[in-house]
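**Q** Handing you this structure, nothing more for now.
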Amino acid sequence: ALPHATIVHALKTSVAIATLSEAIEWGNQKVSVAMLFAIAKEDIHYLNYFYAIISRFAMDEVNIQRLAKCVTFDAVIALLYEFYLQNVQ
């Protein structure tokens, strides 16, 4: 799940990732990973690019399963960076 705000209020760009032991209903789907983003005004020009990459990542169930298994921040960053290198030119 990728919830997002419609107004920029963040002082600092940040990401939070929640991995749930049991999937929950989110609209008409079940989700086990939720990614929350706060984008600061000075980074807003990256927003569409950022969402395009994260959306592509999230569309593959294998990526979500791998993300759910990450237990450290460094593991999450390594996984996302690996995806970026393999899929973005």
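Ordering of the structure tokens sets the chain letters (A, B, ...), residue numbers begin anew at 1 in every chain, and ligands are numbered from 1 in the order given.
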Could you pull the residues within 12 Å of Gln65 (chain A), counting only C-alpha atoms, minus those fewer than 3 positions along the same chain, as an mmCIF file with all heavy atoms, in the first residue's frame?

**A**
```cif
data_model
loop_
_atom_site.group_PDB
_atom_site.id
_atom_site.type_symbol
_atom_site.label_atom_id
_atom_site.label_comp_id
_atom_site.auth_asym_id
_atom_site.auth_seq_id
_atom_site.Cartn_x
_atom_site.Cartn_y
_atom_site.Cartn_z
ATOM 1 N N THR A 19 5.906 -3.781 7.899
ATOM 2 C CA THR A 19 5.642 -5.142 7.431
ATOM 3 C C THR A 19 4.751 -5.799 8.476
ATOM 4 O O THR A 19 5.074 -5.803 9.658
ATOM 5 C CB THR A 19 6.946 -5.942 7.230
ATOM 6 O OG1 THR A 19 7.702 -5.941 8.430
ATOM 7 C CG2 THR A 19 7.789 -5.342 6.113
ATOM 8 N N LEU A 20 3.642 -6.316 8.024
ATOM 9 C CA LEU A 20 2.634 -6.870 8.923
ATOM 10 C C LEU A 20 2.720 -8.392 8.943
ATOM 11 O O LEU A 20 2.908 -9.023 7.903
ATOM 12 C CB LEU A 20 1.243 -6.427 8.457
ATOM 13 C CG LEU A 20 1.108 -4.917 8.215
ATOM 14 C CD1 LEU A 20 -0.221 -4.602 7.559
ATOM 15 C CD2 LEU A 20 1.270 -4.160 9.520
ATOM 16 N N SER A 21 2.565 -8.974 10.105
ATOM 17 C CA SER A 21 2.622 -10.436 10.205
ATOM 18 C C SER A 21 1.408 -11.076 9.532
ATOM 19 O O SER A 21 1.492 -12.199 9.045
ATOM 20 C CB SER A 21 2.724 -10.874 11.664
ATOM 21 O OG SER A 21 1.637 -10.366 12.409
ATOM 22 N N VAL A 31 -3.067 -6.325 2.003
ATOM 23 C CA VAL A 31 -1.675 -5.878 1.965
ATOM 24 C C VAL A 31 -0.938 -6.355 3.211
ATOM 25 O O VAL A 31 -1.510 -6.453 4.289
ATOM 26 C CB VAL A 31 -1.555 -4.346 1.831
ATOM 27 C CG1 VAL A 31 -2.191 -3.856 0.545
ATOM 28 C CG2 VAL A 31 -2.150 -3.626 3.012
ATOM 29 N N SER A 32 0.340 -6.650 3.025
ATOM 30 C CA SER A 32 1.178 -7.051 4.151
ATOM 31 C C SER A 32 2.350 -6.093 4.343
ATOM 32 O O SER A 32 3.098 -6.208 5.299
ATOM 33 C CB SER A 32 1.698 -8.477 3.949
ATOM 34 O OG SER A 32 2.434 -8.562 2.745
ATOM 35 N N VAL A 33 2.508 -5.155 3.410
ATOM 36 C CA VAL A 33 3.559 -4.145 3.506
ATOM 37 C C VAL A 33 2.945 -2.787 3.173
ATOM 38 O O VAL A 33 2.254 -2.648 2.164
ATOM 39 C CB VAL A 33 4.725 -4.439 2.529
ATOM 40 C CG1 VAL A 33 5.754 -3.320 2.571
ATOM 41 C CG2 VAL A 33 5.383 -5.771 2.858
ATOM 42 N N PHE A 57 8.331 -1.266 -8.469
ATOM 43 C CA PHE A 57 8.838 -2.226 -7.487
ATOM 44 C C PHE A 57 7.681 -2.989 -6.835
ATOM 45 O O PHE A 57 7.700 -4.212 -6.724
ATOM 46 C CB PHE A 57 9.655 -1.484 -6.420
ATOM 47 C CG PHE A 57 10.147 -2.357 -5.306
ATOM 48 C CD1 PHE A 57 11.336 -3.042 -5.415
ATOM 49 C CD2 PHE A 57 9.409 -2.489 -4.130
ATOM 50 C CE1 PHE A 57 11.787 -3.856 -4.383
ATOM 51 C CE2 PHE A 57 9.851 -3.291 -3.092
ATOM 52 C CZ PHE A 57 11.046 -3.977 -3.225
ATOM 53 N N ALA A 58 6.655 -2.255 -6.408
ATOM 54 C CA ALA A 58 5.549 -2.844 -5.650
ATOM 55 C C ALA A 58 4.629 -3.725 -6.496
ATOM 56 O O ALA A 58 3.901 -4.543 -5.946
ATOM 57 C CB ALA A 58 4.728 -1.731 -4.997
ATOM 58 N N MET A 59 4.657 -3.586 -7.800
ATOM 59 C CA MET A 59 3.786 -4.381 -8.660
ATOM 60 C C MET A 59 4.233 -5.839 -8.745
ATOM 61 O O MET A 59 3.461 -6.702 -9.153
ATOM 62 C CB MET A 59 3.742 -3.789 -10.070
ATOM 63 C CG MET A 59 3.068 -2.427 -10.125
ATOM 64 S SD MET A 59 1.371 -2.437 -9.537
ATOM 65 C CE MET A 59 0.587 -3.332 -10.843
ATOM 66 N N ASP A 60 5.445 -6.129 -8.353
ATOM 67 C CA ASP A 60 5.978 -7.491 -8.409
ATOM 68 C C ASP A 60 5.906 -8.123 -7.017
ATOM 69 O O ASP A 60 6.590 -7.677 -6.091
ATOM 70 C CB ASP A 60 7.416 -7.462 -8.914
ATOM 71 C CG ASP A 60 8.001 -8.847 -9.162
ATOM 72 O OD1 ASP A 60 7.491 -9.851 -8.620
ATOM 73 O OD2 ASP A 60 8.994 -8.908 -9.904
ATOM 74 N N GLU A 61 5.098 -9.139 -6.878
ATOM 75 C CA GLU A 61 4.902 -9.804 -5.583
ATOM 76 C C GLU A 61 6.216 -10.341 -5.003
ATOM 77 O O GLU A 61 6.394 -10.350 -3.786
ATOM 78 C CB GLU A 61 3.877 -10.926 -5.720
ATOM 79 C CG GLU A 61 3.557 -11.648 -4.424
ATOM 80 C CD GLU A 61 2.947 -10.735 -3.360
ATOM 81 O OE1 GLU A 61 2.255 -9.765 -3.729
ATOM 82 O OE2 GLU A 61 3.148 -10.996 -2.164
ATOM 83 N N VAL A 62 7.133 -10.763 -5.865
ATOM 84 C CA VAL A 62 8.432 -11.253 -5.384
ATOM 85 C C VAL A 62 9.169 -10.137 -4.643
ATOM 86 O O VAL A 62 9.769 -10.374 -3.588
ATOM 87 C CB VAL A 62 9.287 -11.802 -6.549
ATOM 88 C CG1 VAL A 62 10.700 -12.119 -6.099
ATOM 89 C CG2 VAL A 62 8.631 -13.045 -7.144
ATOM 90 N N ALA A 68 9.362 -7.821 2.756
ATOM 91 C CA ALA A 68 8.782 -8.257 4.033
ATOM 92 C C ALA A 68 9.785 -9.052 4.869
ATOM 93 O O ALA A 68 9.679 -9.079 6.094
ATOM 94 C CB ALA A 68 7.526 -9.086 3.776
ATOM 95 N N LYS A 69 10.766 -9.656 4.225
ATOM 96 C CA LYS A 69 11.772 -10.450 4.940
ATOM 97 C C LYS A 69 12.940 -9.603 5.452
ATOM 98 O O LYS A 69 13.749 -10.094 6.234
ATOM 99 C CB LYS A 69 12.303 -11.561 4.037
ATOM 100 C CG LYS A 69 11.268 -12.627 3.747
ATOM 101 C CD LYS A 69 11.813 -13.694 2.831
ATOM 102 C CE LYS A 69 10.727 -14.714 2.515
ATOM 103 N NZ LYS A 69 11.182 -15.708 1.537
ATOM 104 N N CYS A 70 13.039 -8.368 5.027
ATOM 105 C CA CYS A 70 14.129 -7.501 5.496
ATOM 106 C C CYS A 70 13.918 -7.171 6.969
ATOM 107 O O CYS A 70 12.823 -6.801 7.372
ATOM 108 C CB CYS A 70 14.167 -6.206 4.688
ATOM 109 S SG CYS A 70 14.654 -6.409 2.972
ATOM 110 N N VAL A 76 16.764 -3.176 3.635
ATOM 111 C CA VAL A 76 15.733 -2.517 2.814
ATOM 112 C C VAL A 76 16.396 -1.655 1.754
ATOM 113 O O VAL A 76 16.054 -1.721 0.568
ATOM 114 C CB VAL A 76 14.780 -1.668 3.686
ATOM 115 C CG1 VAL A 76 13.880 -0.806 2.817
ATOM 116 C CG2 VAL A 76 13.963 -2.557 4.599
ATOM 117 N N LEU A 79 18.003 -3.749 -0.970
ATOM 118 C CA LEU A 79 17.003 -4.326 -1.870
ATOM 119 C C LEU A 79 16.484 -3.274 -2.849
ATOM 120 O O LEU A 79 16.407 -3.518 -4.061
ATOM 121 C CB LEU A 79 15.842 -4.918 -1.067
ATOM 122 C CG LEU A 79 14.671 -5.462 -1.874
ATOM 123 C CD1 LEU A 79 15.109 -6.614 -2.768
ATOM 124 C CD2 LEU A 79 13.552 -5.886 -0.942
#
```

**Q** Among chain A, which ones does DSSP assign to helix (DSSP H, G or I) (computed from the backbone)? Answer as a compact mmCIF listing (two decimals) with C-alpha atoms, in the first residue's frame.

**A**
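Result saved to selection05.txt:
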```
# COMPACT_ATOMS: atom_id res chain seq x y z
CA LYS A 41 9.04 20.90 -0.51
CA GLU A 42 12.62 21.08 -1.78
CA ASP A 43 12.38 17.45 -3.02
CA ILE A 44 8.94 17.71 -4.61
CA HIS A 45 10.42 17.74 -8.13
CA TYR A 46 11.45 14.09 -7.55
CA LEU A 47 7.94 12.98 -6.59
CA ASN A 48 6.70 11.58 -9.93
CA TYR A 49 10.01 9.82 -10.56
CA PHE A 50 10.01 8.40 -7.04
CA TYR A 51 6.44 7.09 -7.32
CA ALA A 52 7.15 5.58 -10.74
CA ILE A 53 10.06 3.56 -9.36
CA ILE A 54 8.31 2.51 -6.14
CA SER A 55 5.13 1.60 -8.01
CA ARG A 56 7.09 -0.56 -10.43
CA PHE A 57 8.84 -2.23 -7.49
CA ALA A 58 5.55 -2.84 -5.65
CA GLU A 61 4.90 -9.80 -5.58
CA VAL A 62 8.43 -11.25 -5.38
CA ASN A 63 9.75 -7.78 -4.48
CA ILE A 64 7.13 -7.41 -1.77
CA GLN A 65 7.97 -10.83 -0.32
CA ARG A 66 11.66 -9.94 -0.30
CA LEU A 67 10.89 -6.58 1.33
CA ALA A 68 8.78 -8.26 4.03
CA LYS A 69 11.77 -10.45 4.94
CA PHE A 73 17.18 -0.63 7.40
CA ASP A 74 20.36 -1.51 5.51
CA ALA A 75 18.68 -4.61 4.05
CA VAL A 76 15.73 -2.52 2.81
CA ILE A 77 18.05 0.04 1.22
CA ALA A 78 20.13 -2.71 -0.40
CA LEU A 79 17.00 -4.33 -1.87
CA LEU A 80 15.62 -1.05 -3.23
CA TYR A 81 19.01 -0.04 -4.62
CA GLU A 82 19.42 -3.44 -6.31
CA PHE A 83 15.99 -3.00 -7.93
CA TYR A 84 16.90 0.52 -9.02
CA LEU A 85 20.16 -0.61 -10.65
CA GLN A 86 18.48 -3.50 -12.47
CA ASN A 87 15.37 -1.67 -13.65
```

**Q** CA of His9 (chain A) and CA of Phe37 (chain A) are how many Å apart?

**A**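 Going from CA of His9 (chain A) over to CA of Phe37 (chain A), I get 11.4 Å.
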
**Q** Using backbone DSSP assignments, extract all strand (DSSP E) residues from region 13-82 of chain A; output them as a short mmCIF file (atom, residue, chain, number, x, y, z; two decimals) with N, CA and C atoms, in the first residue's frame.

**A**
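This went into result_16.cif:
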```cif
data_model
loop_
_atom_site.label_atom_id
_atom_site.label_comp_id
_atom_site.auth_asym_id
_atom_site.auth_seq_id
_atom_site.Cartn_x
_atom_site.Cartn_y
_atom_site.Cartn_z
N SER A 14 11.23 11.65 4.12
CA SER A 14 11.39 10.44 4.93
C SER A 14 10.54 9.31 4.36
N VAL A 15 10.90 8.10 4.72
CA VAL A 15 10.16 6.90 4.33
C VAL A 15 9.99 6.02 5.56
N ALA A 16 8.80 5.47 5.72
CA ALA A 16 8.54 4.49 6.78
C ALA A 16 7.94 3.25 6.11
N ILE A 17 8.39 2.09 6.51
CA ILE A 17 7.89 0.85 5.94
C ILE A 17 7.40 -0.03 7.08
N ALA A 18 6.15 -0.48 6.96
CA ALA A 18 5.58 -1.40 7.96
C ALA A 18 5.37 -2.74 7.29
N THR A 19 5.91 -3.78 7.90
CA THR A 19 5.64 -5.14 7.43
C THR A 19 4.75 -5.80 8.48
N LEU A 20 3.64 -6.32 8.02
CA LEU A 20 2.63 -6.87 8.92
C LEU A 20 2.72 -8.39 8.94
N SER A 21 2.57 -8.97 10.11
CA SER A 21 2.62 -10.44 10.21
C SER A 21 1.41 -11.08 9.53
N GLU A 22 0.30 -10.36 9.50
CA GLU A 22 -0.90 -10.82 8.80
C GLU A 22 -1.41 -9.70 7.91
N ALA A 23 -1.78 -10.05 6.68
CA ALA A 23 -2.29 -9.05 5.74
C ALA A 23 -3.58 -8.43 6.26
N ILE A 24 -3.79 -7.15 5.89
CA ILE A 24 -5.02 -6.45 6.25
C ILE A 24 -5.74 -6.02 4.98
N GLU A 25 -7.02 -5.74 5.10
CA GLU A 25 -7.80 -5.23 3.97
C GLU A 25 -7.43 -3.76 3.75
N TRP A 26 -7.12 -3.41 2.53
CA TRP A 26 -6.82 -2.02 2.16
C TRP A 26 -7.60 -1.76 0.88
N GLN A 29 -8.10 -4.83 -1.61
CA GLN A 29 -6.96 -5.74 -1.65
C GLN A 29 -6.48 -6.04 -0.24
N LYS A 30 -5.71 -7.10 -0.13
CA LYS A 30 -5.03 -7.41 1.12
C LYS A 30 -3.58 -6.99 0.97
N VAL A 31 -3.07 -6.32 2.00
CA VAL A 31 -1.68 -5.88 1.96
C VAL A 31 -0.94 -6.35 3.21
N SER A 32 0.34 -6.65 3.02
CA SER A 32 1.18 -7.05 4.15
C SER A 32 2.35 -6.09 4.34
N VAL A 33 2.51 -5.15 3.41
CA VAL A 33 3.56 -4.14 3.51
C VAL A 33 2.94 -2.79 3.17
N ALA A 34 3.17 -1.80 4.03
CA ALA A 34 2.72 -0.44 3.76
C ALA A 34 3.95 0.47 3.79
N MET A 35 4.06 1.32 2.78
CA MET A 35 5.17 2.26 2.68
C MET A 35 4.58 3.66 2.79
N LEU A 36 5.07 4.43 3.75
CA LEU A 36 4.59 5.79 3.97
C LEU A 36 5.71 6.77 3.61
N PHE A 37 5.37 7.79 2.84
CA PHE A 37 6.36 8.74 2.38
C PHE A 37 6.00 10.15 2.82
N ALA A 38 6.99 10.89 3.22
CA ALA A 38 6.84 12.32 3.49
C ALA A 38 7.88 13.00 2.60
#
```
